[in-house]
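Q: My structure is below; once you've seen it, I'll send some questions.
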Amino acid sequence: MYTTSKGWEKTFYILTWLVQGSSYLVPRAYAVLHRMHHTYSDTDKDPHSPHFFKDILHMMLHTAKIFRGFVTGKNLPDPQFTRDYIPMWNRLDKFAHHSLTRLSFVALYISFYVLFAPSYWWFLLLPLHFAMGPIQGAIVNWFGHKLGYSNFNNGDHSKNTTPWGLIMMGELFQNNHHKYKQSANFAQRWFEFDSTYVIMKGLHYIGIIKLKPFIKTAPLTIHLPSPGLASTNLLSNRNSYSNLRN
């Protein structure tokens with residue numbers, strides 16, 4: 001997908017921690033989860049397939065349990081998922097994952113709302129800030145494997161939830177991504193738009209990252225939802241480094 005220098009890798013690492021704050025996802029554990037998801041997509045070994053849980057909350061809790069096991073070392077991933085390069089910064093991860101560090105971010109968010117929120121109703125948004133990382137991942141993996149249309153038959157339930165990657169920055173092009181997981185551009189049809197890819201091209205242009213050349217190996221095949229599912233399908237974690245967008 002792309003490469004970058006060690007210096008910029010550290011910069012992205014720090015920025016990831018600062019932006020995610022209280023919901024920081026340790027990259028090495030997230031990378032393993034992501035690789036497992038692609039290998040076992042929508043099977044009972046998939047760490048976050050929506051087709052084995054009654055609701056999105058139970059899927060999140062299941063994923064969190066596996067994630068914590070990898071972070072603490074209580075569970076060791078299959079060697080195939082750690083064979084390729086994974087960015088690691090153990091000292092920062094240990095500090096960022098500590099409960100006191102997470103609670104400090106929570107206190108910072110609350111303080112900001114106390115100072116600037118125009119009314120108390122705004123405080124209802126605080127839980128979204130506290131758990132933004134897991135919430136984003138849950139939205140992508142739940143809706144991206146349940147609702148939308150398919151360009152490819154990948155042997156799973158991956159969908160493109162929306163043709164415009166704006167709010168979720170292109171992460172809901174799950175069907176396209178599962179077909180071409182090494183492509184930095186998750187949009188594959190003329191009307192699809194991946195906003196993260198635009199940003200990545202800009203970073204490539206100024207020399208911060210270097211996008212790897214990508215050549216499609218299969219023609220585009222369209223798989224539209226059946227008429228009986230049309231009303232349901234209206235609604236349908238690059239989150240990392242090199243090749244690890246959700």
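Order determines the names: the first chain of the structure tokens is A, the second B, and so forth; residues in each chain are numbered 1 upward, and ligands are numbered 1 upward as they are shown.
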Excluding Pro163 (chain A) and residues on its chain fewer than 3 positions from it, collect all residues at most 12 Å away from it, counting only C-alpha atoms, and give them as number ranges by chain.
A: A: 144, 148-151, 159-160, 166-176, 186-195, 234-236
Q: What are the closest atom pairs, with distances in Å to one decimal, for each residue of region 147-168 of chain A lying within 9 Å of region 35-58 of chain A, using only C-alpha atoms, rows by chain and rising residue number, as a tab-separated table?
A:
```
residue	atom	partner	partner_atom	distance
A:Gly155	CA	A:Ser41	CA	8.5
A:Asp156	CA	A:Asp42	CA	5.8
A:His157	CA	A:Asp42	CA	6.6
A:Ser158	CA	A:Asp42	CA	8.2
```
Q: Just list as number ranges by chain whatever in region 45-156 of chain A DSSP marks as helix (DSSP H, G or I).
A: A: 50-52, 56-72, 79-81, 90-97, 99-116, 120-130, 132-143
Q: Given the selection you just returned, output its residues as a file containing C-alpha atoms, formatted as a compact mmCIF listing (two decimals), in the first residue's frame.
A:
```txt
# COMPACT_ATOMS: atom_id res chain seq x y z
CA PRO A 50 -21.50 -9.21 12.38
CA HIS A 51 -22.99 -12.51 11.24
CA PHE A 52 -22.21 -14.30 14.51
CA ILE A 56 -23.25 -4.55 17.37
CA LEU A 57 -22.52 -4.31 21.11
CA HIS A 58 -21.88 -8.04 21.47
CA MET A 59 -19.58 -7.92 18.44
CA MET A 60 -17.63 -5.03 20.02
CA LEU A 61 -17.24 -6.88 23.32
CA HIS A 62 -16.02 -10.01 21.55
CA THR A 63 -13.46 -8.00 19.56
CA ALA A 64 -12.34 -6.15 22.70
CA LYS A 65 -11.68 -9.44 24.50
CA ILE A 66 -9.43 -10.70 21.69
CA PHE A 67 -7.73 -7.29 21.44
CA ARG A 68 -6.93 -7.19 25.18
CA GLY A 69 -5.50 -10.71 24.99
CA PHE A 70 -3.07 -9.67 22.27
CA VAL A 71 -2.09 -6.45 24.10
CA THR A 72 -1.40 -8.16 27.41
CA PRO A 79 2.56 -16.71 13.53
CA GLN A 80 1.14 -16.08 10.06
CA PHE A 81 -0.34 -12.80 11.34
CA ASN A 90 6.39 -0.64 23.16
CA ARG A 91 7.20 2.23 25.52
CA LEU A 92 4.56 4.49 24.02
CA ASP A 93 2.02 1.66 23.83
CA LYS A 94 2.54 0.82 27.51
CA PHE A 95 2.08 4.47 28.49
CA ALA A 96 -0.86 5.14 26.15
CA HIS A 97 -2.69 1.94 27.13
CA SER A 99 -5.67 3.33 32.67
CA LEU A 100 -4.38 6.61 34.13
CA THR A 101 -3.44 7.88 30.68
CA ARG A 102 -6.87 7.02 29.30
CA LEU A 103 -8.60 8.63 32.28
CA SER A 104 -6.50 11.76 31.78
CA PHE A 105 -7.91 12.09 28.27
CA VAL A 106 -11.42 11.55 29.66
CA ALA A 107 -10.84 14.38 32.14
CA LEU A 108 -9.52 16.58 29.32
CA TYR A 109 -12.63 15.96 27.20
CA ILE A 110 -14.95 16.73 30.12
CA SER A 111 -13.04 19.90 30.92
CA PHE A 112 -13.34 21.06 27.33
CA TYR A 113 -17.13 20.59 27.43
CA VAL A 114 -17.39 22.39 30.79
CA LEU A 115 -15.58 25.36 29.29
CA PHE A 116 -17.09 25.50 25.82
CA TYR A 120 -25.73 20.53 28.95
CA TRP A 121 -27.28 18.59 26.07
CA TRP A 122 -23.88 18.61 24.41
CA PHE A 123 -22.51 16.46 27.22
CA LEU A 124 -24.43 13.53 25.71
CA LEU A 125 -21.71 13.42 23.04
CA LEU A 126 -18.99 12.63 25.57
CA PRO A 127 -19.37 8.82 25.41
CA LEU A 128 -18.63 9.04 21.68
CA HIS A 129 -15.35 10.79 22.46
CA PHE A 130 -14.45 8.31 25.19
CA MET A 132 -14.35 6.77 19.38
CA GLY A 133 -11.75 4.23 18.17
CA PRO A 134 -13.79 1.08 18.93
CA ILE A 135 -17.01 2.78 17.79
CA GLN A 136 -15.51 3.62 14.39
CA GLY A 137 -14.25 0.05 13.99
CA ALA A 138 -17.62 -1.38 14.98
CA ILE A 139 -19.48 0.80 12.46
CA VAL A 140 -17.13 -0.20 9.65
CA ASN A 141 -17.24 -3.92 10.37
CA TRP A 142 -20.96 -4.14 11.19
CA PHE A 143 -22.42 -2.10 8.34
```
Q: Smallest atom-to-atom distance to Ser22 (chain A): which of A:Ile86, A:Ala131, A:Val198, A:Ala184, using only C-alpha atoms?
A: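 Going through A:Ile86, A:Ala131, A:Val198, A:Ala184 one by one, the smallest distance to Ser22 (chain A) is for A:Ala131.
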Q: For the atom pair CA of Ile208 (chain A) and CA of Trp8 (chain A), what is the interatomic distance in Å to one decimal place?
A: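 These two atoms are separated by 7.0 Å.
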Q: Out of A:Ala117, A:Ala31, A:Leu211, A:Leu18, which residue has the shortest atom-to-atom distance to Ser183 (chain A) when counting only C-alpha atoms?
A: A:Leu211
Q: Just how far from CA of Tyr85 (chain A) is CA of Thr4 (chain A), in Å to one decimal?
A: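 Taking CA of Thr4 (chain A) and CA of Tyr85 (chain A), their separation equals 12.7 Å.
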Q: My list of candidates is A:Leu25, A:Leu147, A:Gln20, A:Leu203. Which is closest to Thr162 (chain A) when distances are computed with only C-alpha atoms?
A: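 Going through A:Leu25, A:Leu147, A:Gln20, A:Leu203 one by one, the smallest distance to Thr162 (chain A) is for A:Leu147.
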Q: Let me make sure I understand: among A:Met88, A:Met1, A:Ile206, A:Leu76, which one has the smallest atom-to-atom distance to Leu33 (chain A) if we use only C-alpha atoms?
A: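 Closest candidate: A:Leu76.
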Q: Take CA of His98 (chain A) and CA of Lys10 (chain A) and report the distance between them in Å, one decimal.
A: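 CA of Lys10 (chain A) lies 19.3 Å from CA of His98 (chain A).
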Q: Find the residue from A:Thr82, A:Ser119, A:Thr161, A:Asn154 that sits nearest to Tyr30 (chain A); use only C-alpha atoms when measuring.
A: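 The closest residue to Tyr30 (chain A) is A:Thr82.
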Q: Where in region 125-232 of chain A does DSSP assign strand (DSSP E or B), given as a ChimeraX atom specification?
A: /A:149-150,160,164-165,173,193-194,209-211,223
